[in-house]
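Notes follow once the structure below has been shown.
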Number of protein chains: 2
Amino acid sequence: MKFKHLIIFTSVLVALIACNSKKTTNSVEAEAVEQTENILPSWNEGQTKTSIMDYVNEVTDKNSPLFIPEADRIATFDNDGNLWAEQPAYFQLYFAIDQVKALAPQHPEWKYTQPFKAVLDNDMNTLMEQGERGLLKLVMATHSNNTTEEFDSIVSKWIRTAKHPTKNVNYDKLIYQPMLELLDYLRVNNFKTYIVSGGGVDFMRAFVSPIYGISSEQIIGSRVKTEYHYNDGNPTIERLPTLDFINDKEGKTLNIQKIIGKKPVFSSGNSDGDLEMMQWTASNQNKNFILYLHHTDSVREWAYDKDSHIGRLDKGLEQAKQKGWTVIDMKKDWKVIFPFEM
Amino acid sequence: MKFKHLIIFTSVLVALIACNSKKTTNSVEAEAVEQTENILPSWNEGQTKTSIMDYVNEVTDKNSPLFIPEADRIATFDNDGNLWAEQPAYFQLYFAIDQVKALAPQHPEWKYTQPFKAVLDNDMNTLMEQGERGLLKLVMATHSNNTTEEFDSIVSKWIRTAKHPTKNVNYDKLIYQPMLELLDYLRVNNFKTYIVSGGGVDFMRAFVSPIYGISSEQIIGSRVKTEYHYNDGNPTIERLPTLDFINDKEGKTLNIQKIIGKKPVFSSGNSDGDLEMMQWTASNQNKNFILYLHHTDSVREWAYDKDSHIGRLDKGLEQAKQKGWTVIDMKKDWKVIFPFEM
């Protein structure tokens, strides 16, 4: 073999090796990364983190008897108190309160009628005494009588400007860093992540997609009835002041079936309102994972469970113990709570 | 430079070129394929095919002023008469008829009560005279009082065994080959393809996913009310004999907003029941594409439009002309109709 030929031969050989070794190096690197603490970095090492990772490794390994095809890797997450905070009251209620104040000039009668009077007087006690019916009135008055586009722009503006009453940061800063990492980790492993929340679906859609990496078609929530108007070729969908569906408790299960049409394999929530979704997921014949978040950190966040009016966790915690579901102890399991602490 | 060094140097150089040129070759190849008739092969060359391809090229080209980000590439397809045939009656009606016959032994009273008597007597004229209310009775009696899993298995069995009354093939053979190619073509170009049909969502989910390549969470349809039962840890969702939502006309638009939360950029349908969905899509500020299928082939399929009781296309055709929407002339534009003709 002449030197010229040797050069060509070696070149081609090295080229082939280089191209292939590129792939090999990548997979070795990927595996190495997977072994490190780069996965779920805001989670403390321990049983909770290990059980999540063990589950994901087990069901995504093609050689495992528990392997789940990608199309069936449906993961559903509650939002309030699970992906972002919910104390001292649901953030959507603060939106309703702020909207009542903004709309008050057009409704002079609100000065004399409940629950609006309580809102305008900043009297939270009286407001809470109005009960569910009063709150529903508040929500209907502030979430309807506009088009879907108008409502979207009202919420978008609110989330950019309104501040949480005690933490004094924008509400969308009060999302949980460890849960963002969990959502990402599941997606990297080809799970399809859904929000399944009691909150309003169009309220969430106005801002959560870039925060959670979950697009509008993977957000399921409560909603008002709507009406189509042709408007001579400029069609709108009008939001009516009537409830269409409350996406809570068994409603979550029913909506998962209606909208997704598949039983989830992974469900994450923090309250008794998530229990039916958990049970439904736990009945999946595929290996499934049920994750309850227990709010135990009164210093960095809030500590509450069975006696809380917001996000009560009582029966859910009991069933989690009975069934061996995984419970996150926020204080113990999470290194940081909010992204701004990093 | 010594020969040894020259060899190493050349090798590395060739390796780099090889790795890069691999990419270049791939893109050149991809472009070449795109130029050929391999795209939409069952569509005849002509204005309809060209206008579809021009649209897709325009909105997926990053350098085009009309570029649409992938997340917004929502494409919605009607099913009956658009992805599969619908003559001489909706295929789901044949399912209901077959179910009445199967369930008749458990319902001796059906021998004497309409619309069941007409079904058992094979008297289609009397059945049609029962009108919408009669048909609804039929659907409720055959689509409910079972769990979601039971219903799924009943439909699956039916689609594997039942035959079309005149074509004498299984109903799922009567899907349109050119539409399968269009769905694929859009997905290759990172459109998310949805079925948005007046048909029952759980009826469709039982068999259409492998046929159309559309997973259950991208199927939107009419549905019955449902109820969650815990059953001591073996939860079920029961299908009730009450309508929950009719996904037709303005209902399509409302459901698209409720479930997807985004306005489509591409809509395809064949009847006046799709018109509101078309209008909604046409109002998208992104460049959009509206595609009506006109059944013009009385030999290979069926020819019908404004006078048909099934899939009537009257106002839709008028608006298509007015607005310059694309209309498929089935006879002229499609080389083959059904996959089994190939």
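Letters A, B, ... go to the chains of the structure tokens in the order shown; residues in each chain start at 1; ligands are counted from 1 in the same order.
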| message | Need to verify the contact set: Leu183 (chain A), 9 Å, only C-alpha atoms, exclusion of same-chain residues closer than 6 positions in sequence. Can you return it as a PyMOL selection string? | response | chain A and resi 75+77+191+193+212-214
Residues from last step as file, C-alpha atoms, as a PDB file, in the first residue's frame:
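And here's part_8.pdb as it stands now:
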ATOM      1  CA  ALA A  75     -48.677  12.098  33.942  1.00  0.00           C
ATOM      2  CA  PHE A  77     -50.449  17.152  38.009  1.00  0.00           C
ATOM      3  CA  PHE A 191     -44.041  11.196  29.648  1.00  0.00           C
ATOM      4  CA  THR A 193     -47.353  16.009  31.372  1.00  0.00           C
ATOM      5  CA  TYR A 212     -44.278  24.854  33.378  1.00  0.00           C
ATOM      6  CA  GLY A 213     -43.483  23.907  29.786  1.00  0.00           C
ATOM      7  CA  ILE A 214     -47.044  22.598  29.424  1.00  0.00           C
TER       8      ILE A 214
END
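Using only C-alpha atoms, the smallest distance between any of A:Thr76, A:Thr226, A:Ser308, A:Asn247 and Thr281 (chain A) comes from A:Thr76.
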| Pairwise distance for CA of Thr242 (chain A) and CA of Tyr230 (chain A), rounded to one decimal in Å |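 Going from CA of Thr242 (chain A) over to CA of Tyr230 (chain A) covers 20.9 Å.
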| Nearest candidate to Ala303 (chain B) (options B:Met140, B:Ala85, B:Ile154, B:Leu174; using only C-alpha atoms) |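 Nearest to Ala303 (chain B): B:Ala85.
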| request: Name the residues of region 238-335 of chain B that come out as helix (DSSP H, G or I) in a backbone DSSP run; write them as a ChimeraX atom specification. | output: /B:250-260,272-282,315-323,330-333
